[in-house]
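Novice: Sharing final29.pdb here; it has PDB, C-alpha atoms.
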```
ATOM      1  CA  MET A 254      44.070  13.490  84.833
ATOM      2  CA  THR A 255      44.922  10.120  86.347
ATOM      3  CA  THR A 256      41.242   9.284  86.650
ATOM      4  CA  LEU A 257      40.617  10.271  83.032
ATOM      5  CA  ALA A 258      43.523   8.096  81.867
ATOM      6  CA  LEU A 259      42.251   5.104  83.861
ATOM      7  CA  ILE A 260      38.696   5.545  82.561
ATOM      8  CA  ALA A 261      39.996   5.770  78.990
ATOM      9  CA  LEU A 262      42.053   2.592  79.500
ATOM     10  CA  GLY A 263      38.912   0.909  80.817
ATOM     11  CA  VAL A 264      37.000   2.011  77.724
ATOM     12  CA  ALA A 265      39.771   0.617  75.520
ATOM     13  CA  ALA A 266      39.533  -2.687  77.400
ATOM     14  CA  LEU A 267      35.735  -2.965  77.362
ATOM     15  CA  ALA A 268      34.855  -1.489  73.960
ATOM     16  CA  PRO A 269      35.702  -4.642  71.976
ATOM     17  CA  LEU A 270      33.504  -6.716  74.282
ATOM     18  CA  VAL A 271      30.575  -4.282  74.176
ATOM     19  CA  LEU A 272      30.767  -3.432  70.474
ATOM     20  CA  ALA A 273      31.294  -7.008  69.253
ATOM     21  CA  GLY A 274      28.610  -8.546  67.110
ATOM     22  CA  PRO A 275      26.408  -7.442  64.234
ATOM     23  CA  ARG A 276      24.006  -5.009  65.918
ATOM     24  CA  GLY A 277      23.885  -2.285  63.339
ATOM     25  CA  PRO A 278      25.053  -1.517  59.850
ATOM     26  CA  ARG A 279      27.906  -3.722  58.657
ATOM     27  CA  TRP A 280      30.419  -0.865  58.531
ATOM     28  CA  MET A 281      29.615   0.019  62.111
ATOM     29  CA  SER A 282      30.091  -3.503  63.428
ATOM     30  CA  GLN A 283      33.427  -3.749  61.592
ATOM     31  CA  TRP A 284      34.884  -0.335  62.383
ATOM     32  CA  ALA A 285      33.279   0.886  65.630
ATOM     33  CA  ALA A 286      35.468  -1.116  68.013
ATOM     34  CA  PRO A 287      38.813  -0.284  66.322
ATOM     35  CA  ILE A 288      37.953   3.415  66.201
ATOM     36  CA  VAL A 289      36.774   3.509  69.825
ATOM     37  CA  VAL A 290      39.830   1.679  71.179
ATOM     38  CA  VAL A 291      42.256   3.931  69.297
ATOM     39  CA  LEU A 292      40.453   7.081  70.446
ATOM     40  CA  ALA A 293      40.300   5.809  74.034
ATOM     41  CA  LEU A 294      44.028   5.036  74.022
ATOM     42  CA  THR A 295      44.745   8.488  72.582
ATOM     43  CA  VAL A 296      42.787  10.115  75.413
ATOM     44  CA  ALA A 297      44.550   7.907  77.967
ATOM     45  CA  ALA A 298      47.986   8.751  76.547
ATOM     46  CA  VAL A 299      47.350  12.491  76.556
ATOM     47  CA  ALA A 300      45.981  12.362  80.093
ATOM     48  CA  ALA A 301      48.861  10.143  81.268
ATOM     49  CA  SER A 302      51.435  12.578  79.938
ATOM     50  CA  ALA A 303      49.961  15.355  82.062
ATOM     51  CA  THR A 304      49.854  13.617  85.433
ATOM     52  CA  THR A 305      52.133  12.669  88.280
ATOM     53  CA  PRO A 306      53.277   9.074  88.843
ATOM     54  CA  VAL A 307      50.548   6.866  90.292
ATOM     55  CA  THR A 308      50.822   4.961  93.567
ATOM     56  CA  GLY A 309      48.661   2.660  95.640
ATOM     57  CA  PHE A 310      45.295   1.700  94.186
ATOM     58  CA  ALA A 311      45.859   3.789  91.050
ATOM     59  CA  LEU A 312      49.065   1.853  90.374
ATOM     60  CA  ALA A 313      47.278  -1.480  90.695
ATOM     61  CA  ALA A 314      44.414  -0.229  88.522
ATOM     62  CA  THR A 315      46.908   0.988  85.916
ATOM     63  CA  LEU A 316      48.592  -2.402  85.711
ATOM     64  CA  VAL A 317      45.326  -4.338  85.488
ATOM     65  CA  LEU A 318      43.740  -1.963  82.968
ATOM     66  CA  CYS A 319      46.852  -1.902  80.790
ATOM     67  CA  VAL A 320      46.975  -5.681  80.528
ATOM     68  CA  ALA A 321      43.205  -5.825  79.905
ATOM     69  CA  ALA A 322      43.276  -3.065  77.266
ATOM     70  CA  ALA A 323      46.313  -4.586  75.559
ATOM     71  CA  THR A 324      44.705  -8.022  75.510
ATOM     72  CA  THR A 325      41.157  -7.226  74.394
ATOM     73  CA  GLY A 326      41.759  -3.991  72.500
ATOM     74  CA  GLY A 327      44.105  -5.543  69.982
ATOM     75  CA  ALA A 328      41.591  -8.041  68.586
ATOM     76  CA  PRO A 329      39.454  -5.547  66.637
ATOM     77  CA  LEU A 330      42.593  -3.818  65.383
ATOM     78  CA  VAL A 331      43.989  -7.073  64.004
ATOM     79  CA  LEU A 332      40.704  -7.759  62.188
ATOM     80  CA  ALA A 333      40.721  -4.207  60.820
ATOM     81  CA  ALA A 334      44.300  -4.673  59.606
ATOM     82  CA  PHE A 335      43.240  -7.882  57.838
ATOM     83  CA  ARG A 336      40.325  -6.048  56.182
ATOM     84  CA  ILE A 337      42.618  -3.265  55.012
ATOM     85  CA  ALA A 338      45.160  -5.770  53.692
ATOM     86  CA  ARG A 339      42.475  -7.633  51.738
ATOM     87  CA  ARG A 340      41.529  -4.434  49.930
ATOM     88  CA  GLN A 341      44.968  -4.294  48.391
ATOM     89  CA  PRO A 342      45.234  -5.576  44.795
ATOM     90  CA  ASP A 343      47.482  -8.529  45.686
ATOM     91  CA  ALA A 344      45.524  -9.669  48.727
ATOM     92  CA  GLY A 345      43.289 -12.241  47.050
ATOM     93  CA  SER A 346      39.544 -12.366  46.789
ATOM     94  CA  ASP A 347      38.365 -13.760  50.119
ATOM     95  CA  PRO A 348      36.116 -11.090  51.719
ATOM     96  CA  ARG A 349      35.901 -12.708  55.159
ATOM     97  CA  PRO A 350      38.088 -10.918  57.743
ATOM     98  CA  ASP A 351      38.811 -14.066  59.709
ATOM     99  CA  ALA A 352      39.487 -16.394  56.782
ATOM    100  CA  GLY A 353      42.917 -17.864  56.615
ATOM    101  CA  PRO A 354      45.061 -20.901  57.119
ATOM    102  CA  LEU A 355      46.134 -20.140  60.700
ATOM    103  CA  ARG A 356      43.575 -21.584  63.089
ATOM    104  CA  GLY A 357      43.479 -20.580  66.732
ATOM    105  CA  GLY A 358      44.872 -17.150  65.945
ATOM    106  CA  ARG A 359      42.402 -15.232  68.083
ATOM    107  CA  ILE A 360      43.265 -17.114  71.264
ATOM    108  CA  ILE A 361      46.965 -17.047  70.458
ATOM    109  CA  GLY A 362      46.674 -13.297  69.812
ATOM    110  CA  LEU A 363      45.047 -12.717  73.201
ATOM    111  CA  LEU A 364      47.777 -14.675  74.942
ATOM    112  CA  GLU A 365      50.490 -12.945  72.907
ATOM    113  CA  ARG A 366      49.221  -9.450  73.747
ATOM    114  CA  ALA A 367      48.873 -10.352  77.438
ATOM    115  CA  ALA A 368      52.422 -11.721  77.553
ATOM    116  CA  VAL A 369      53.860  -8.701  75.742
ATOM    117  CA  ALA A 370      51.991  -6.339  78.075
ATOM    118  CA  VAL A 371      53.201  -8.121  81.193
ATOM    119  CA  SER A 372      56.766  -8.130  79.846
ATOM    120  CA  ILE A 373      56.715  -4.397  79.217
ATOM    121  CA  LEU A 374      55.061  -3.509  82.511
ATOM    122  CA  ALA A 375      57.533  -5.727  84.357
ATOM    123  CA  ALA A 376      60.363  -3.799  82.649
ATOM    124  CA  TRP A 377      61.553  -6.990  80.938
ATOM    125  CA  PRO A 378      61.556  -6.137  77.212
ATOM    126  CA  GLU A 379      63.436  -9.354  76.468
ATOM    127  CA  GLY A 380      60.140 -11.097  77.167
ATOM    128  CA  ILE A 381      58.828  -9.746  73.875
ATOM    129  CA  ALA A 382      61.577 -11.605  72.037
ATOM    130  CA  VAL A 383      60.745 -14.790  73.951
ATOM    131  CA  VAL A 384      57.039 -14.484  73.090
ATOM    132  CA  LEU A 385      57.733 -13.852  69.412
ATOM    133  CA  ALA A 386      60.272 -16.675  69.225
ATOM    134  CA  VAL A 387      57.872 -19.172  70.803
ATOM    135  CA  LYS A 388      55.067 -18.057  68.503
ATOM    136  CA  GLY A 389      57.269 -18.221  65.419
ATOM    137  CA  LEU A 390      58.575 -21.677  66.261
ATOM    138  CA  ALA A 391      55.105 -22.996  67.044
ATOM    139  CA  ARG A 392      53.663 -21.623  63.791
ATOM    140  CA  TYR A 393      56.634 -22.476  61.584
ATOM    141  CA  PRO A 394      55.146 -25.634  59.992
ATOM    142  CA  GLU A 395      51.928 -23.777  59.073
ATOM    143  CA  LEU A 396      53.642 -20.781  57.481
ATOM    144  CA  ARG A 397      54.162 -22.601  54.166
ATOM    145  CA  GLU A 398      50.431 -22.552  53.353
ATOM    146  CA  ALA A 399      49.049 -19.903  50.993
ATOM    147  CA  HIS A 400      48.716 -16.485  52.654
ATOM    148  CA  ALA A 401      49.761 -17.889  56.040
ATOM    149  CA  SER A 402      52.958 -15.866  56.332
ATOM    150  CA  GLU A 403      51.149 -12.626  55.455
ATOM    151  CA  GLN A 404      48.428 -13.344  57.992
ATOM    152  CA  PHE A 405      51.066 -14.213  60.601
ATOM    153  CA  ILE A 406      53.068 -11.020  60.026
ATOM    154  CA  ILE A 407      50.075  -8.672  59.878
ATOM    155  CA  GLY A 408      48.466 -10.191  62.974
ATOM    156  CA  THR A 409      51.677 -10.322  64.983
ATOM    157  CA  PHE A 410      52.812  -6.792  64.143
ATOM    158  CA  THR A 411      49.388  -5.315  64.849
ATOM    159  CA  SER A 412      49.100  -7.186  68.145
ATOM    160  CA  VAL A 413      52.571  -6.317  69.371
ATOM    161  CA  LEU A 414      52.373  -2.667  68.321
ATOM    162  CA  TRP A 415      49.016  -2.291  70.086
ATOM    163  CA  ALA A 416      50.328  -3.899  73.279
ATOM    164  CA  ILE A 417      53.403  -1.656  73.194
ATOM    165  CA  ALA A 418      51.254   1.453  72.702
ATOM    166  CA  VAL A 419      48.953   0.560  75.597
ATOM    167  CA  CYS A 420      51.845  -0.269  77.904
ATOM    168  CA  GLY A 421      53.658   2.904  76.872
ATOM    169  CA  THR A 422      50.635   4.760  78.181
ATOM    170  CA  GLY A 423      50.762   2.681  81.351
ATOM    171  CA  ARG A 424      54.468   3.402  81.802
ATOM    172  CA  ALA A 425      53.696   7.117  81.406
ATOM    173  CA  LEU A 426      51.257   6.800  84.303
ATOM    174  CA  ILE A 427      53.710   4.814  86.418
ATOM    175  CA  THR A 428      56.831   6.951  85.910
TER
END
```
In structure tokens, write the structure found in this file.
Specialist:
Amino acid sequence: MTTLALIALGVAALAPLVLAGPRGPRWMSQWAAPIVVVLALTVAAVAASATTPVTGFALAATLVLCVAAATTGGAPLVLAAFRIARRQPDAGSDPRPDAGPLRGGRIIGLLERAAVAVSILAAWPEGIAVVLAVKGLARYPELREAHASEQFIIGTFTSVLWAIAVCGTGRALIT
């Protein structure tokens, strides 16, 4: 079961990189990666709950794969959350999933998810508060622009919840 959990975490980490880009129908390029990463994390979580605590190489692999899956796997989920939010009646009329006033959000999101994952795996949950405080203070001047606060909240919540879910699976493998 440990091997299955580690493979599923690897799939969750690599799926966004492999499935990125417009290679097929539009719906597939938009929804394939989010669906695959969620299914892979589900498999990893179920397998992790039915195994003994990992040690040695499996422990190192768990830590690396959790940070990788948290970092890369959250990006397609954030874009999917933006697409879902834009379908709501009050969301405006801009159809582009990455349109918005907050530039640099993808890189900041990667760094945010990595920092949250490391904080959780290091058993330092206060680190999440530090990451969110730094991000909020850095983005504060930009949050007055139209739709900026909504984009900030949706992106941050999706990123942090994904990182917590991945690291919860990792903690299940570790303990």
Novice: Please determine, counting only C-alpha atoms, which residue among A:Leu390, A:Ser412, A:Ile406, A:Ala401 has the shortest atom-to-atom distance to A:Ala368.
Specialist: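 Distance minimum relative to A:Ala368 lands on A:Ser412.
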Novice: For the point (39.5, 5.0, 80.1) in file coordinates, what residues are within 10 Å, counting all atoms listed in the file? Give the answer as a ChimeraX atom specification?
Specialist: /A:255-267,290,292-298,300,318,322
Novice: Closest to A:Leu426 among A:Ala333, A:Leu374, A:Ala323, A:Arg340, using only C-alpha atoms?
Specialist: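 Going through A:Ala333, A:Leu374, A:Ala323, A:Arg340 one by one, the smallest distance to A:Leu426 is for A:Leu374.
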Novice: Using all atoms listed in the file, which protein or nucleic acid residues come within 8 Å of A:Phe405? Drop anything in the same chain fewer than 3 positions from it, and give the result as a list in words.
Specialist: Leu355, Leu396, Ala401, Ser402, Gly408 and Thr409 of chain A
Novice: Nearest residue to A:Ala386 out of A:Ala370, A:Glu365, A:Ala418, A:Glu398, using all atoms listed in the file?
Specialist: A:Glu365
Novice: By how many Å are atom CA of A:Trp284 and atom CA of A:Ala334 apart?
Specialist: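 Taking atom CA of A:Trp284 and atom CA of A:Ala334, their separation equals 10.7 Å.
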Novice: What's the 12 Å shell around A:Ala391, counting all atoms listed in the file, without same-chain residues fewer than 2 positions away, as an NGL selection string?
Specialist: :A and (355 or 357-358 or 361 or 384-389 or 393-396 or 405)
Novice: Enter the distance from atom CA of A:Thr304 to atom CA of A:Thr422, in Å, rounded to one decimal.
Specialist: 11.5 Å
Novice: Please indicate the distance in Å from atom CA of A:Ile337 to atom CA of A:Phe410, rounded to one decimal place.
Specialist: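 Computing it gives 14.1 Å between the two atoms.
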Novice: Between A:Arg339, A:Val383, A:Gly326, A:Gln283, single out the one closest to A:Leu363, counting all atoms listed in the file.
Specialist: A:Gly326
Novice: Which residue is closest to A:Val369? Choose from A:Ala273, A:Leu330, A:Leu316, A:Cys420 and count only C-alpha atoms.
Specialist: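 Result for the nearest residue to A:Val369: A:Cys420.
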Novice: Which of these residues is nearest to A:Val419, using only C-alpha atoms: A:Ala382, A:Ile407, A:Val271, A:Val317?
Specialist: A:Val317
Novice: Would you kindly translate the PyMOL selection byres ((chain A and resi 307) around 10) into the concrete residues it picks from this file, as a PyMOL selection string?
Specialist: chain A and resi 255+301+304-306+308-315+423-428
Novice: Select stretch 327-339 of chain A in the preceding structure and write all heavy atoms to a file as a compact mmCIF listing (two decimals), in the first residue's frame.
Specialist:
```
# COMPACT_ATOMS: atom_id res chain seq x y z
N GLY A 327 -1.61 21.95 -7.22
CA GLY A 327 -2.57 22.99 -6.91
C GLY A 327 -2.86 23.94 -8.05
O GLY A 327 -3.94 24.54 -8.12
N ALA A 328 -1.92 24.10 -8.97
CA ALA A 328 -2.10 25.06 -10.07
C ALA A 328 -3.33 24.77 -10.92
O ALA A 328 -4.13 25.68 -11.16
CB ALA A 328 -0.83 25.12 -10.92
N PRO A 329 -3.54 23.54 -11.40
CA PRO A 329 -4.74 23.31 -12.20
C PRO A 329 -6.03 23.44 -11.38
O PRO A 329 -7.07 23.81 -11.91
CB PRO A 329 -4.57 21.90 -12.76
CG PRO A 329 -3.51 21.27 -11.95
CD PRO A 329 -2.67 22.36 -11.39
N LEU A 330 -5.94 23.17 -10.09
CA LEU A 330 -7.13 23.31 -9.25
C LEU A 330 -7.51 24.78 -9.07
O LEU A 330 -8.69 25.12 -9.04
CB LEU A 330 -6.91 22.64 -7.90
CG LEU A 330 -6.80 21.13 -7.95
CD1 LEU A 330 -6.46 20.58 -6.58
CD2 LEU A 330 -8.08 20.51 -8.47
N VAL A 331 -6.51 25.64 -8.93
CA VAL A 331 -6.79 27.07 -8.81
C VAL A 331 -7.44 27.59 -10.10
O VAL A 331 -8.44 28.32 -10.06
CB VAL A 331 -5.50 27.86 -8.49
CG1 VAL A 331 -5.73 29.36 -8.60
CG2 VAL A 331 -5.01 27.50 -7.09
N LEU A 332 -6.91 27.19 -11.25
CA LEU A 332 -7.51 27.61 -12.52
C LEU A 332 -8.92 27.08 -12.67
O LEU A 332 -9.81 27.78 -13.17
CB LEU A 332 -6.63 27.17 -13.69
CG LEU A 332 -5.26 27.86 -13.78
CD1 LEU A 332 -4.45 27.26 -14.92
CD2 LEU A 332 -5.42 29.35 -13.96
N ALA A 333 -9.15 25.85 -12.22
CA ALA A 333 -10.51 25.29 -12.28
C ALA A 333 -11.45 26.07 -11.35
O ALA A 333 -12.60 26.34 -11.71
CB ALA A 333 -10.49 23.81 -11.90
N ALA A 334 -10.96 26.44 -10.18
CA ALA A 334 -11.79 27.23 -9.26
C ALA A 334 -12.12 28.58 -9.87
O ALA A 334 -13.25 29.07 -9.74
CB ALA A 334 -11.07 27.41 -7.92
N PHE A 335 -11.18 29.20 -10.57
CA PHE A 335 -11.46 30.47 -11.25
C PHE A 335 -12.51 30.28 -12.34
O PHE A 335 -13.40 31.12 -12.50
CB PHE A 335 -10.18 31.06 -11.86
CG PHE A 335 -9.22 31.64 -10.86
CD1 PHE A 335 -7.88 31.75 -11.18
CD2 PHE A 335 -9.62 32.09 -9.62
CE1 PHE A 335 -6.97 32.29 -10.29
CE2 PHE A 335 -8.73 32.63 -8.71
CZ PHE A 335 -7.41 32.73 -9.05
N ARG A 336 -12.41 29.18 -13.10
CA ARG A 336 -13.40 28.93 -14.15
C ARG A 336 -14.79 28.73 -13.56
O ARG A 336 -15.77 29.23 -14.09
CB ARG A 336 -12.99 27.71 -14.98
CG ARG A 336 -11.93 28.01 -16.01
CD ARG A 336 -11.76 26.85 -16.98
NE ARG A 336 -11.13 25.70 -16.36
CZ ARG A 336 -9.82 25.54 -16.23
NH1 ARG A 336 -9.00 26.45 -16.68
NH2 ARG A 336 -9.33 24.47 -15.66
N ILE A 337 -14.86 27.99 -12.47
CA ILE A 337 -16.16 27.77 -11.82
C ILE A 337 -16.71 29.09 -11.28
O ILE A 337 -17.90 29.38 -11.44
CB ILE A 337 -16.02 26.72 -10.70
CG1 ILE A 337 -15.74 25.35 -11.31
CG2 ILE A 337 -17.28 26.69 -9.83
CD1 ILE A 337 -15.29 24.30 -10.31
N ALA A 338 -15.86 29.91 -10.69
CA ALA A 338 -16.31 31.19 -10.15
C ALA A 338 -16.81 32.12 -11.25
O ALA A 338 -17.78 32.85 -11.05
CB ALA A 338 -15.19 31.86 -9.37
N ARG A 339 -16.19 32.08 -12.41
CA ARG A 339 -16.61 32.95 -13.51
C ARG A 339 -17.95 32.54 -14.09
O ARG A 339 -18.59 33.33 -14.75
CB ARG A 339 -15.56 32.93 -14.62
CG ARG A 339 -14.44 33.83 -14.26
CD ARG A 339 -13.68 34.33 -15.45
NE ARG A 339 -12.58 35.11 -14.92
CZ ARG A 339 -11.49 34.60 -14.38
NH1 ARG A 339 -11.32 33.31 -14.34
NH2 ARG A 339 -10.55 35.37 -13.88
```
